[in-house]
2 protein chains.
Amino acid sequence: MKPYKKVSLSDIAEKLGVSKTLVSMVLNGKGDDNGISKSTQEKVIQLAQELNYKPNQFARGLRMGKSNTIGLIVSDISNPFYAKIARFVEDYCSKEDYNLIICNSDENPEKEKKIINTLLEKQVDGMIISSTLEDTDHLKLLTNEQIPFILIDRIYPTMPTNYVIVNNFLGAKEATQHLLNNGHKKIACFTISPAHINTQVERFLGYKAALDESFISFNDYYYKVIPRENPFQSIYNTIKEWQYNHVMPSAIFLANNQLTLYLLEICKELKINIPQKLSIVSFDDIEAFRFNTPAITGVVQPIESIAQNSVKELIKLIRKSKTDESFELNQIKLDTNLIIRESVAKFA
Amino acid sequence: MKPYKKVSLSDIAEKLGVSKTLVSMVLNGKGDDNGISKSTQEKVIQLAQELNYKPNQFARGLRMGKSNTIGLIVSDISNPFYAKIARFVEDYCSKEDYNLIICNSDENPEKEKKIINTLLEKQVDGMIISSTLEDTDHLKLLTNEQIPFILIDRIYPTMPTNYVIVNNFLGAKEATQHLLNNGHKKIACFTISPAHINTQVERFLGYKAALDESFISFNDYYYKVIPRENPFQSIYNTIKEWQYNHVMPSAIFLANNQLTLYLLEICKELKINIPQKLSIVSFDDIEAFRFNTPAITGVVQPIESIAQNSVKELIKLIRKSKTDESFELNQIKLDTNLIIRESVAKFA
DNA sequence: CTGAAAGCGCTTACAG
DNA sequence: CTGAAAGCGCTTACAG
């Protein structure tokens with residue numbers, strides 16, 4: 001290895017015959033505050049540029065006790081929903097001069113715990129988490145360590161935290177009402193495991209509430225929670241069973257985008273025409289929905305707003321934790337929007 | 001702010017009445033090497049666990065001069081192609097105990113330069129870059145600073161670097177040949193700006209080579225580089241112009257997934273039936289292609305392999321840079337695969 | 001206007 | 001078997 005050495009503060013100080021203190025102050029824009037002469041400042045800045053000086057963030061972080069880094073945990077960054085979330089979160093972070101570390105939990109609570117620990121070691125200033133944890137112990141750990149965090153997408157009804165979520169209940173209810181308004185009565189609902197995730201629960205509840213209001217009694221037979229491990233087979237079998245028993249519903253409400261993608265493939269295979277034979281409306285809205293024939297009617301989440309609010313609130317918390325302001329929760333619930341396309345037919 | 005203080009090595013040492021040195025060695029698994037008694041080791045490990053000790057990575061990084069962190073730069077993480085890349089890169093990194101910082105350059109060279117600088121400040125051990133730079137100055141800077149990096153997806157023909165890419169030329173040629181084999185003669189080609197990106201150039205060249213081999217003379221009129229700033233309008237106008245002049249091609253080869261998505265929307269609007277009126281084959285393969293009717297024939301890139309190879313090679317480089325091994329470039333070119341679906345019709 | 005010194009939390013020669 | 005000490009590169013009281 002060549003004898004290359006990164007340039008440090010003292011290199012600059014030495015060459016200029018001044019102290020590290022001075023160089024540090026100048027480079028951090030505190031030259032004027034400390035009454036350092038213009039000419040000295042200029043010399044420092046110029047040499048720094050010449051030498052291509054870059055402050056070592058480890059040293060700075062160690063000294064200042066903060067990293068200007070935020071951690072984002074989602075289940076899978078290649079899921080278009082989270083990809084968009086991540087993109088916007090990164091945008092807003094970099095606008096505020098924060099760096100972002102993105103991690104995938106794969107819906108695996110153990111993995112998520114490990115990630116949280118790693119992020120803690122990395123001294124992140126805060127975390128934005130779409131959590132897949134089964135209990136809230138690890139979140140309490142964050143509270144103990146006084147690391148600010150914001151839950152997005154999913155929350156724990158039993159634990160009061162800061163969060164930015166969406167009104168899943170209303171979104172699902174609206175979606176189901178749209179089906180109802182088109183004359184459907186036998187409406188099924190698919191959610192995805194793990195069952196403890198509150199979004200799925202809320203969406204199911206919204207579906208049920210819509211039925212209730214229309215005096216359609218909820219039928220257990222039409223509600224399936226699809227195991228994440230084998231969704232295709234499970235949905236396939238469900239449909240087959242309904243067909244076999246001649247109780248095929250005329251419409252299905254799907255509680256997330258993955259379920260819909262699988263159903264679409266299965267319907268193609270089984271030659272079930274959408275929407276003529278089966279109407280569907282899905283939670284989420286992804287590119288494939290627009291390009292599918294028929295285009296899929298979906299509940300769109302305000303992704304950019306989720307991202308923006310979560311980083312804004314998190315940074316607020318980070319700043320607050322250094323002063324001594326009183327403790328108060330930020331809980332933001334955003335509205336969804338039903339976008340009507342071609343996957344719902346009038347029930348004849 | 002409550003008087004919370006993170007637990008450090010010395011906290012453990014103090015409580016146990018031993019030195020930091022000892023604690024550090026034990027916790028880093030060097031207890032046996034240094035002949036530290038089993039019982040002492042156990043005590044240390046247990047207390048560390050009890051206190052929930054987490055090594056401060058800033059201190060460690062500062063001391064050891066490495067961060068165990070890798071930077072990944074892509075144009076846009078919400079583009080499904082890069083989302084998948086990022087996902088796999090993260091997977092392989094975490095398998096090797098490296099953390100990943102993902103950044104979006106937005107095809108903006110200035111932004112990319114800033115990102116590279118930030119990553120340098122963060123002391124990343126290496127970078128994986130899908131670069132949008134116009135010249136190679138900043139990459140040379142990396143070389144000077146002796147930070148290993150690997151280019152993926154895109155390379156600079158003028159600068160020898162480590163890279164993992166795909167055989168764009170052959171992929172495009174195969175795609176075009178598929179059109180040719182189906183009897184098409186008037187075949188257009190869309191690439192996307194900026195024009196200096198080598199993938200687009202290579203794909204165009206592959207297209208052209210296929211035509212050449214079939215003795216079809218290349219017609220400038222059928223080759224458009226679509227500006228990234230306003231792709232919809234540009235494609236729309238092109239199609240309209242062709243129609244107006246009665247020179248509509250019977251097939252189009254599209255050099256990336258975004259172009260195809262736009263074209264699909266435009267064809268819907270203009271009621272141009274695919275593949276009856278217009279056959280298309282696209283570079284890349286994304287979810288929306290499968291769900292589109294007709295499903296789109298595409299050139300699929302071995303995304304996982306790109307990711308795997310790039311992190312494997314990068315880590316090799318990182319380790320090598322610490323020893324004194326000889327310098328030699330790793331240049332990996334992977335094959336693509338044409339997946340035939342329904343968007344190409346025989347030309348009658 | 002400027003500098004010497006301490007200290008953030010680690011790891012690693014070195015010494016015994 | 002174990003510890004004292006130095007040092008990574010910063011920032012920030014403190015002193016003059």
# chains A, B, ... in the order shown; residues from 1 in each chain; ligands from 1
call {"tool": "interface_residues", "arguments": {"of": "chain D", "to": "chain B", "cutoff": "9 Å", "atoms": "only C-alpha atoms (C1' of nucleotides)", "output": "PDB file with C-alpha atoms (C1' of nucleotides), in the first residue's frame"}}
result
ATOM      1  C1'  DC D   1      -2.257 -13.417  32.555  1.00  0.00           C
ATOM      2  C1'  DT D   2      -2.949  -8.171  32.736  1.00  0.00           C
ATOM      3  C1'  DG D   3      -2.429  -2.852  32.504  1.00  0.00           C
ATOM      4  C1'  DG D   7      -3.048   8.039  19.376  1.00  0.00           C
ATOM      5  C1'  DC D   8      -6.846   8.102  15.608  1.00  0.00           C
ATOM      6  C1'  DG D   9      -8.869  13.566  14.077  1.00  0.00           C
TER       7       DG D   9
END
call {"tool": "select_by_dssp", "arguments": {"residues": "region 73-299 of chain B", "states": "strand (DSSP E or B)", "output": "number ranges by chain"}}
result
B: 73-74, 99-104, 126-129, 149-152, 163-166, 187-192, 223-226, 251-254, 279-283, 292, 297-299
call {"tool": "atom_distance", "arguments": {"atom1": "CA of Leu27 (chain B)", "atom2": "CA of Asp137 (chain A)"}}
result
24.5 Å
call {"tool": "interface_residues", "arguments": {"of": "chain B", "to": "chain A", "cutoff": "8 Å", "atoms": "only C-alpha atoms", "output": "PyMOL selection string"}}
result
chain B and resi 1+4+6+54-59+61-62+76-78+80+83-84+86-87+90+100-104+117+120-123+145-146+287-289+291-293+321-325
call {"tool": "atom_distance", "arguments": {"atom1": "CA of Ala255 (chain B)", "atom2": "CA of Val225 (chain B)"}}
result
9.6 Å
call {"tool": "residues_around", "arguments": {"residues": "region 269-281 of chain B", "least_positions_apart": "6", "cutoff": "8 Å", "atoms": "only C-alpha atoms (C1' of nucleotides)", "output": "list of chain:residue names"}}
result
B:Ala175, B:Thr176, B:Leu179, B:Pro249, B:Ser250, B:Ala251, B:Ile252, B:Phe253, B:Leu254, B:Pro294, B:Ile296, B:Thr297, B:Gly298, B:Val299, B:Glu342, B:Ser343, B:Val344, B:Ala345
call {"tool": "write_last_selection", "arguments": {"atoms": "C-alpha atoms", "output": "PDB file, in the first residue's frame"}}
result
ATOM      1  CA  ALA B 175     -33.502  -8.266 -29.051  1.00  0.00           C
ATOM      2  CA  THR B 176     -33.341  -6.694 -32.481  1.00  0.00           C
ATOM      3  CA  LEU B 179     -37.704  -8.582 -34.320  1.00  0.00           C
ATOM      4  CA  PRO B 249     -42.130   1.478 -38.270  1.00  0.00           C
ATOM      5  CA  SER B 250     -43.576  -1.951 -37.602  1.00  0.00           C
ATOM      6  CA  ALA B 251     -41.411  -2.472 -34.530  1.00  0.00           C
ATOM      7  CA  ILE B 252     -39.443  -0.540 -31.935  1.00  0.00           C
ATOM      8  CA  PHE B 253     -36.501  -1.585 -29.796  1.00  0.00           C
ATOM      9  CA  LEU B 254     -36.440   0.394 -26.556  1.00  0.00           C
ATOM     10  CA  PRO B 294     -49.756  -7.839 -23.958  1.00  0.00           C
ATOM     11  CA  ILE B 296     -43.697  -7.236 -22.883  1.00  0.00           C
ATOM     12  CA  THR B 297     -40.793  -9.132 -24.391  1.00  0.00           C
ATOM     13  CA  GLY B 298     -37.652  -7.916 -22.705  1.00  0.00           C
ATOM     14  CA  VAL B 299     -33.931  -8.255 -22.220  1.00  0.00           C
ATOM     15  CA  GLU B 342     -46.424 -11.315 -26.258  1.00  0.00           C
ATOM     16  CA  SER B 343     -45.351  -7.941 -27.561  1.00  0.00           C
ATOM     17  CA  VAL B 344     -43.906  -9.099 -30.865  1.00  0.00           C
ATOM     18  CA  ALA B 345     -46.085 -10.238 -33.770  1.00  0.00           C
TER      19      ALA B 345
END
call {"tool": "closest_residue", "arguments": {"among": "B:Asn337, B:Gln243, B:Asn108, B:Ser131", "to": "Glu229 (chain B)", "atoms": "only C-alpha atoms"}}
result
B:Asn108
call {"tool": "atom_distance", "arguments": {"atom1": "CA of Tyr244 (chain B)", "atom2": "CA of Lys224 (chain B)"}}
result
16.9 Å
call {"tool": "residues_around", "arguments": {"residues": "Ser130 (chain A)", "least_positions_apart": "2", "cutoff": "9 Å", "atoms": "only C-alpha atoms (C1' of nucleotides)", "output": "VMD selection string"}}
result
chain A and resid 72 to 75 128 132 150 to 155
call {"tool": "residues_around", "arguments": {"residues": "region 168-170 of chain A", "least_positions_apart": "4", "cutoff": "7 Å", "atoms": "only C-alpha atoms (C1' of nucleotides)", "output": "MDAnalysis selection string"}}
result
chainID A and resid 174 199 202:203 205:206
call {"tool": "closest_residue", "arguments": {"among": "A:Pro227, A:Gly171, A:Pro148, A:Gly17", "to": "Ala195 (chain A)", "atoms": "only C-alpha atoms"}}
result
A:Pro227
